[in-house]
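Just upload_18.pdb here, PDB, C-alpha atoms:
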```
ATOM      1  CA  ASN M 284      19.495  -2.728   8.904
ATOM      2  CA  SER M 285      20.441  -4.059   5.463
ATOM      3  CA  LYS M 286      20.085  -7.608   6.798
ATOM      4  CA  THR M 287      16.398  -7.020   7.421
ATOM      5  CA  ILE M 288      13.700  -7.553   4.799
ATOM      6  CA  VAL M 289      10.571  -5.489   5.297
ATOM      7  CA  PHE M 290       7.164  -6.700   4.103
ATOM      8  CA  ASP M 291       4.227  -4.289   4.153
ATOM      9  CA  PHE M 292       1.354  -6.769   4.049
ATOM     10  CA  GLY M 293      -1.673  -4.833   2.782
ATOM     11  CA  ARG M 294      -5.036  -6.155   1.693
ATOM     12  CA  LYS M 295      -4.502  -5.276  -1.966
ATOM     13  CA  PHE M 296      -0.720  -5.127  -2.336
ATOM     14  CA  VAL M 297       2.441  -6.367  -0.634
ATOM     15  CA  ARG M 298       5.409  -4.010  -0.673
ATOM     16  CA  TYR M 299       8.857  -5.376   0.088
ATOM     17  CA  GLY M 300      12.427  -4.183   0.357
ATOM     18  CA  PHE M 301      15.454  -3.882   2.621
ATOM     19  CA  GLY M 302      15.549  -2.097   5.954
ATOM     20  CA  GLY M 303      17.257   1.280   5.799
ATOM     21  CA  GLU M 304      16.196   2.027   2.224
ATOM     22  CA  TYR M 305      13.779   4.815   1.396
ATOM     23  CA  TYR M 306      11.734   2.957  -1.218
ATOM     24  CA  PRO M 307      10.462  -0.618  -1.626
ATOM     25  CA  ARG M 308      12.243  -2.895  -4.083
ATOM     26  CA  GLY M 309       8.932  -4.171  -5.397
ATOM     27  CA  ILE M 310       5.143  -4.065  -5.134
ATOM     28  CA  VAL M 311       3.020  -7.107  -5.975
ATOM     29  CA  GLU M 312      -0.662  -7.860  -5.761
ATOM     30  CA  ASN M 313      -1.624  -9.674  -2.573
ATOM     31  CA  VAL M 314      -3.090 -12.859  -4.053
ATOM     32  CA  LEU M 315      -2.965 -14.495  -0.617
ATOM     33  CA  THR M 316      -6.030 -12.603   0.587
ATOM     34  CA  LYS M 317      -8.289 -14.982  -1.350
ATOM     35  CA  GLU M 318      -6.245 -18.024  -0.357
ATOM     36  CA  PHE M 319      -6.641 -17.293   3.354
ATOM     37  CA  SER M 320     -10.406 -17.211   2.972
ATOM     38  CA  LYS M 321     -10.562 -20.728   1.487
ATOM     39  CA  GLU M 322     -11.101 -23.859   3.537
ATOM     40  CA  SER M 323      -8.100 -25.623   1.990
ATOM     41  CA  ASP M 324      -4.611 -25.240   3.490
ATOM     42  CA  PRO M 325      -3.063 -22.064   2.032
ATOM     43  CA  VAL M 326       0.458 -22.736   3.334
ATOM     44  CA  GLU M 327       1.762 -24.049   0.003
ATOM     45  CA  LYS M 328       0.450 -21.010  -1.895
ATOM     46  CA  THR M 329       1.977 -18.732   0.735
ATOM     47  CA  VAL M 330       5.365 -20.434   0.366
ATOM     48  CA  GLN M 331       5.248 -20.005  -3.421
ATOM     49  CA  PHE M 332       4.263 -16.358  -3.078
ATOM     50  CA  PHE M 333       7.145 -15.399  -0.789
ATOM     51  CA  HIS M 334       9.620 -17.640  -2.605
ATOM     52  CA  LYS M 335       9.155 -15.458  -5.700
ATOM     53  CA  ILE M 336       9.852 -12.356  -3.623
ATOM     54  CA  PHE M 337      13.030 -13.776  -2.089
ATOM     55  CA  SER M 338      14.154 -14.796  -5.588
ATOM     56  CA  ASP M 339      13.451 -11.286  -6.873
ATOM     57  CA  LEU M 340      15.582  -9.853  -4.068
ATOM     58  CA  CYS M 341      18.335 -12.398  -4.836
ATOM     59  CA  VAL M 342      18.830 -13.298  -1.170
ATOM     60  CA  LYS M 343      18.929 -16.414   0.988
ATOM     61  CA  SER M 344      16.100 -16.230   3.510
ATOM     62  CA  LYS M 345      18.172 -18.015   6.196
ATOM     63  CA  GLU M 346      20.545 -15.038   6.359
ATOM     64  CA  TYR M 347      17.941 -12.333   6.924
ATOM     65  CA  ARG M 348      15.603 -11.018   9.588
ATOM     66  CA  VAL M 349      12.017 -10.234   8.599
ATOM     67  CA  LEU M 350       9.904  -7.268   9.656
ATOM     68  CA  LEU M 351       6.273  -7.836   8.706
ATOM     69  CA  ILE M 352       4.052  -4.754   8.849
ATOM     70  CA  GLU M 353       0.543  -6.085   9.332
ATOM     71  CA  ASN M 354      -3.016  -4.895   9.453
ATOM     72  CA  LEU M 355      -4.072  -4.065  12.999
ATOM     73  CA  PHE M 356      -7.031  -6.438  12.672
ATOM     74  CA  LEU M 357      -5.258  -9.271  10.864
ATOM     75  CA  LYS M 358      -6.882 -12.601  11.725
ATOM     76  CA  LYS M 359      -4.997 -14.848  14.124
ATOM     77  CA  SER M 360      -5.257 -17.756  11.659
ATOM     78  CA  THR M 361      -3.589 -15.648   8.955
ATOM     79  CA  ARG M 362      -0.860 -14.521  11.353
ATOM     80  CA  ASP M 363      -0.190 -18.140  12.356
ATOM     81  CA  ILE M 364       0.176 -19.169   8.710
ATOM     82  CA  LEU M 365       2.657 -16.366   8.021
ATOM     83  CA  LEU M 366       4.704 -17.256  11.101
ATOM     84  CA  THR M 367       4.740 -20.924  10.115
ATOM     85  CA  VAL M 368       5.919 -20.143   6.606
ATOM     86  CA  PHE M 369       8.723 -17.762   7.603
ATOM     87  CA  ILE M 370      10.020 -19.827  10.520
ATOM     88  CA  ARG M 371       9.617 -23.403   9.310
ATOM     89  CA  GLU M 372       9.813 -23.084   5.543
ATOM     90  CA  PHE M 373      12.182 -20.150   5.036
ATOM     91  CA  GLN M 374      14.014 -20.459   8.378
ATOM     92  CA  VAL M 375      14.611 -16.730   8.693
ATOM     93  CA  VAL M 376      16.911 -15.466  11.447
ATOM     94  CA  SER M 377      13.984 -13.814  13.238
ATOM     95  CA  ILE M 378      10.598 -12.303  12.504
ATOM     96  CA  SER M 379       8.859  -9.305  14.028
ATOM     97  CA  MET M 380       5.214  -8.499  13.260
ATOM     98  CA  GLN M 381       4.259  -4.871  13.884
ATOM     99  CA  PRO M 382       0.948  -3.006  13.344
ATOM    100  CA  GLU M 383       1.057  -0.579  10.440
ATOM    101  CA  PHE M 384      -0.172   2.401  12.480
ATOM    102  CA  ASN M 385       2.647   1.964  15.008
ATOM    103  CA  MET M 386       5.267   1.788  12.267
ATOM    104  CA  ALA M 387       3.926   4.966  10.668
ATOM    105  CA  MET M 388       4.342   6.848  13.940
ATOM    106  CA  LEU M 389       7.837   5.420  14.438
ATOM    107  CA  ALA M 390       8.916   6.458  10.952
ATOM    108  CA  SER M 391       7.557   9.966  11.527
ATOM    109  CA  ASN M 392       9.535  10.280  14.771
ATOM    110  CA  VAL M 393       6.578  11.783  16.635
ATOM    111  CA  MET M 394       4.768  10.529  19.738
ATOM    112  CA  THR M 395       1.338  12.137  19.426
ATOM    113  CA  GLY M 396      -0.782  12.504  16.320
ATOM    114  CA  ILE M 397      -3.312  10.968  13.945
ATOM    115  CA  VAL M 398      -2.290   8.297  11.444
ATOM    116  CA  VAL M 399      -4.386   8.122   8.263
ATOM    117  CA  ASP M 400      -4.009   5.131   5.956
ATOM    118  CA  VAL M 401      -5.567   5.534   2.501
ATOM    119  CA  GLY M 402      -5.896   2.074   1.001
ATOM    120  CA  GLU M 403      -7.229   0.733  -2.279
ATOM    121  CA  THR M 404     -10.833   0.369  -1.126
ATOM    122  CA  GLU M 405     -10.974   2.080   2.269
ATOM    123  CA  SER M 406      -9.360   4.723   4.433
ATOM    124  CA  ARG M 407      -8.617   4.288   8.132
ATOM    125  CA  ALA M 408      -7.452   6.559  10.920
ATOM    126  CA  MET M 409      -6.265   6.179  14.506
ATOM    127  CA  CYS M 410      -5.030   8.538  17.220
ATOM    128  CA  PHE M 411      -1.792   8.137  19.156
ATOM    129  CA  VAL M 412      -0.987   9.850  22.444
ATOM    130  CA  TYR M 413       2.606   9.695  23.683
ATOM    131  CA  GLY M 414       3.273   6.630  21.525
ATOM    132  CA  ARG M 415       0.215   4.688  22.679
ATOM    133  CA  GLN M 416      -2.553   3.871  20.227
ATOM    134  CA  ILE M 417      -6.122   4.749  21.229
ATOM    135  CA  ILE M 418      -8.169   1.822  19.900
ATOM    136  CA  GLN M 419     -11.446   3.630  20.644
ATOM    137  CA  SER M 420     -10.434   6.369  18.200
ATOM    138  CA  TYR M 421     -10.237   3.988  15.235
ATOM    139  CA  LYS M 422     -12.350   5.114  12.280
ATOM    140  CA  SER M 423     -12.766   3.689   8.798
ATOM    141  CA  SER M 424     -14.473   4.817   5.614
ATOM    142  CA  MET M 425     -15.149   2.972   2.368
ATOM    143  CA  ILE M 426     -13.488   5.766   0.406
ATOM    144  CA  GLY M 427     -10.097   4.762  -0.905
ATOM    145  CA  VAL M 428      -7.905   5.142  -3.946
ATOM    146  CA  CYS M 429     -10.506   3.336  -6.112
ATOM    147  CA  ALA M 430     -13.128   5.972  -5.346
ATOM    148  CA  ALA M 431     -10.668   8.822  -5.944
ATOM    149  CA  ARG M 432      -9.549   7.262  -9.227
ATOM    150  CA  LEU M 433     -13.144   6.902 -10.446
ATOM    151  CA  ASP M 434     -13.977  10.471  -9.453
ATOM    152  CA  PHE M 435     -10.855  11.661 -11.279
ATOM    153  CA  LYS M 436     -11.985   9.802 -14.430
ATOM    154  CA  LYS M 437     -15.460  11.395 -14.331
ATOM    155  CA  ARG M 438     -14.013  14.894 -13.964
ATOM    156  CA  LEU M 439     -11.586  14.219 -16.803
ATOM    157  CA  GLU M 440     -14.337  12.975 -19.131
ATOM    158  CA  LYS M 441     -16.463  16.024 -18.300
ATOM    159  CA  GLN M 442     -13.624  18.358 -19.224
ATOM    160  CA  LEU M 443     -12.781  16.480 -22.439
ATOM    161  CA  GLY M 444     -16.404  15.959 -23.421
ATOM    162  CA  ARG M 445     -15.888  12.271 -24.200
ATOM    163  CA  GLU M 446     -15.263   8.939 -22.526
ATOM    164  CA  ILE M 447     -11.718   7.715 -21.994
ATOM    165  CA  ASP M 448     -10.294   4.326 -21.143
ATOM    166  CA  MET M 449      -9.928   3.560 -17.424
ATOM    167  CA  LYS M 450      -6.320   2.451 -17.988
ATOM    168  CA  HIS M 451      -5.371   5.859 -19.362
ATOM    169  CA  ALA M 452      -7.323   7.688 -16.679
ATOM    170  CA  THR M 453      -5.487   5.665 -14.026
ATOM    171  CA  SER M 454      -2.130   6.536 -15.589
ATOM    172  CA  LEU M 455      -2.946  10.241 -15.467
ATOM    173  CA  PHE M 456      -4.281   9.922 -11.943
ATOM    174  CA  GLU M 457      -1.001   8.402 -10.750
ATOM    175  CA  LYS M 458       1.021  11.140 -12.427
ATOM    176  CA  THR M 459      -1.150  13.799 -10.820
ATOM    177  CA  ALA M 460      -1.121  12.211  -7.372
ATOM    178  CA  CYS M 461       2.673  11.859  -7.411
ATOM    179  CA  ARG M 462       3.295  15.568  -8.002
ATOM    180  CA  LYS M 463       4.852  17.019  -4.868
ATOM    181  CA  CYS M 464       3.948  20.454  -3.605
ATOM    182  CA  LYS M 465       4.651  22.199  -0.306
ATOM    183  CA  ASN M 466       1.267  23.916  -0.335
ATOM    184  CA  PHE M 467      -1.279  21.682  -2.032
ATOM    185  CA  GLU M 468      -4.026  24.314  -1.960
ATOM    186  CA  LYS M 469      -1.999  26.994  -3.747
ATOM    187  CA  CYS M 470      -0.041  24.949  -6.284
ATOM    188  CA  ASN M 471      -0.413  25.708  -9.971
ATOM    189  CA  ASP M 472      -2.623  23.852 -12.384
ATOM    190  CA  ILE M 473      -1.039  20.780 -13.962
ATOM    191  CA  GLU M 474      -0.594  20.589 -17.720
ATOM    192  CA  VAL M 475      -0.898  16.992 -18.889
ATOM    193  CA  SER M 476       0.658  15.908 -22.184
ATOM    194  CA  PRO M 477      -1.378  13.979 -24.783
ATOM    195  CA  ILE M 478      -1.455  10.186 -24.478
ATOM    196  CA  ASP M 479      -3.029   7.404 -26.501
ATOM    197  CA  GLY M 480      -6.778   7.275 -26.190
ATOM    198  CA  VAL M 481      -7.281  10.986 -25.472
ATOM    199  CA  SER M 482      -7.405  12.052 -29.151
ATOM    200  CA  GLY M 483      -4.218  14.080 -28.864
ATOM    201  CA  GLN M 484      -5.897  16.751 -26.770
ATOM    202  CA  ASP M 485      -4.092  18.724 -24.103
ATOM    203  CA  PHE M 486      -6.039  19.479 -20.990
ATOM    204  CA  THR M 487      -5.532  21.106 -17.626
ATOM    205  CA  ILE M 488      -6.362  19.644 -14.228
ATOM    206  CA  SER M 489      -7.123  22.565 -11.959
ATOM    207  CA  ALA M 490      -5.725  22.667  -8.434
ATOM    208  CA  ASN M 491      -9.253  22.725  -7.012
ATOM    209  CA  ASP M 492     -10.369  19.631  -8.955
ATOM    210  CA  ARG M 493      -7.175  17.837  -8.061
ATOM    211  CA  HIS M 494      -7.672  18.620  -4.385
ATOM    212  CA  SER M 495     -11.320  17.460  -4.528
ATOM    213  CA  CYS M 496     -10.637  14.057  -6.053
ATOM    214  CA  LEU M 497      -7.490  13.316  -4.026
ATOM    215  CA  SER M 498      -8.621  14.566  -0.627
TER     216      SER M 498
END
```
Rewrite the structure from the file as structure tokens, please.
Amino acid sequence: NSKTIVFDFGRKFVRYGFGGEYYPRGIVENVLTKEFSKESDPVEKTVQFFHKIFSDLCVKSKEYRVLLIENLFLKKSTRDILLTVFIREFQVVSISMQPEFNMAMLASNVMTGIVVDVGETESRAMCFVYGRQIIQSYKSSMIGVCAARLDFKKRLEKQLGREIDMKHATSLFEKTACRKCKNFEKCNDIEVSPIDGVSGQDFTISANDRHSCLS
């Protein structure tokens, strides 16, 4: 529904956009994570944070519904603050808060499977059977995008024989990770063009190395 604004409230980033669209309109760092951990009232900071997002979308909050995709283990105090802000401050038409794992299954249009969420600092997985989540199956690992990015940088430096800036390594990592392939195991090696900070060298990221650092 185009009259619905979707917020994917992650620990590191908040993605937002309109319902029915394939891609988010924006991605911003979740600065509220630190605010919620403070003893002072974070409501004002939360209002400012979401006010910028509504302004970026050029919409009036009173005319829209909100779908908030939340962490399964989001604290009740944090949830109460978000509800207070959207209902009292922004006066949205309605708000629905749904666990991220459930929304992933809904978007995939399947009833049984395993949902894997690879975050910035950790990866999590949960099983679903006929649309019902199995809480006992929940698993987490402190291996996320950060770890993959660092491993990618080390492999890159080994191949080049010199150190490179983390910013440039991250840029190459994103380009590599975004390449789409039907069969990840059998896809061809990726030729990466020279960029600043890599001394004008061309280099190749093999399919095996790419699979190792992204899997």
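Across the model, the gap from CA of Val349 in chain M to CA of Asp291 in chain M is 10.8 Å.
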Chain and number of each residue from the PyMOL selection byres ((chain M and resi 300-313) around 7), as a VMD selection string:
chain M and resid 284 to 285 287 to 290 294 to 299 314 to 316
Taking (12.8, -14.1, 6.3) in the file's coordinates as the center, which residues reach within 10 Å of it, counting all atoms listed in the file, put as an mmCIF file with C-alpha atoms, in the coordinates of the input?
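Once everything was written out, this is out28.cif:
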```cif
data_model
loop_
_atom_site.group_PDB
_atom_site.id
_atom_site.type_symbol
_atom_site.label_atom_id
_atom_site.label_comp_id
_atom_site.auth_asym_id
_atom_site.auth_seq_id
_atom_site.Cartn_x
_atom_site.Cartn_y
_atom_site.Cartn_z
ATOM 1 C CA LYS M 286 20.085 -7.608 6.798
ATOM 2 C CA THR M 287 16.398 -7.020 7.421
ATOM 3 C CA ILE M 288 13.700 -7.553 4.799
ATOM 4 C CA VAL M 289 10.571 -5.489 5.297
ATOM 5 C CA PHE M 290 7.164 -6.700 4.103
ATOM 6 C CA PHE M 333 7.145 -15.399 -0.789
ATOM 7 C CA PHE M 337 13.030 -13.776 -2.089
ATOM 8 C CA VAL M 342 18.830 -13.298 -1.170
ATOM 9 C CA LYS M 343 18.929 -16.414 0.988
ATOM 10 C CA SER M 344 16.100 -16.230 3.510
ATOM 11 C CA LYS M 345 18.172 -18.015 6.196
ATOM 12 C CA GLU M 346 20.545 -15.038 6.359
ATOM 13 C CA TYR M 347 17.941 -12.333 6.924
ATOM 14 C CA ARG M 348 15.603 -11.018 9.588
ATOM 15 C CA VAL M 349 12.017 -10.234 8.599
ATOM 16 C CA LEU M 350 9.904 -7.268 9.656
ATOM 17 C CA LEU M 351 6.273 -7.836 8.706
ATOM 18 C CA LEU M 366 4.704 -17.256 11.101
ATOM 19 C CA VAL M 368 5.919 -20.143 6.606
ATOM 20 C CA PHE M 369 8.723 -17.762 7.603
ATOM 21 C CA ILE M 370 10.020 -19.827 10.520
ATOM 22 C CA GLU M 372 9.813 -23.084 5.543
ATOM 23 C CA PHE M 373 12.182 -20.150 5.036
ATOM 24 C CA GLN M 374 14.014 -20.459 8.378
ATOM 25 C CA VAL M 375 14.611 -16.730 8.693
ATOM 26 C CA VAL M 376 16.911 -15.466 11.447
ATOM 27 C CA SER M 377 13.984 -13.814 13.238
ATOM 28 C CA ILE M 378 10.598 -12.303 12.504
ATOM 29 C CA SER M 379 8.859 -9.305 14.028
#
```
Would you write out, as a PDB file with C-alpha atoms, keeping the file's coordinate frame, every residue that the PyMOL selection byres ((chain M and resi 410-426) around 7) captures in this file?
```
ATOM      1  CA  MET M 394       4.768  10.529  19.738  1.00  0.00           C
ATOM      2  CA  THR M 395       1.338  12.137  19.426  1.00  0.00           C
ATOM      3  CA  GLY M 396      -0.782  12.504  16.320  1.00  0.00           C
ATOM      4  CA  ILE M 397      -3.312  10.968  13.945  1.00  0.00           C
ATOM      5  CA  VAL M 398      -2.290   8.297  11.444  1.00  0.00           C
ATOM      6  CA  THR M 404     -10.833   0.369  -1.126  1.00  0.00           C
ATOM      7  CA  GLU M 405     -10.974   2.080   2.269  1.00  0.00           C
ATOM      8  CA  SER M 406      -9.360   4.723   4.433  1.00  0.00           C
ATOM      9  CA  ARG M 407      -8.617   4.288   8.132  1.00  0.00           C
ATOM     10  CA  ALA M 408      -7.452   6.559  10.920  1.00  0.00           C
ATOM     11  CA  MET M 409      -6.265   6.179  14.506  1.00  0.00           C
ATOM     12  CA  GLY M 427     -10.097   4.762  -0.905  1.00  0.00           C
ATOM     13  CA  ALA M 430     -13.128   5.972  -5.346  1.00  0.00           C
TER      14      ALA M 430
END
```
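Taking CA of Pro382 in chain M and CA of Glu353 in chain M as endpoints, the distance between them is 5.1 Å.
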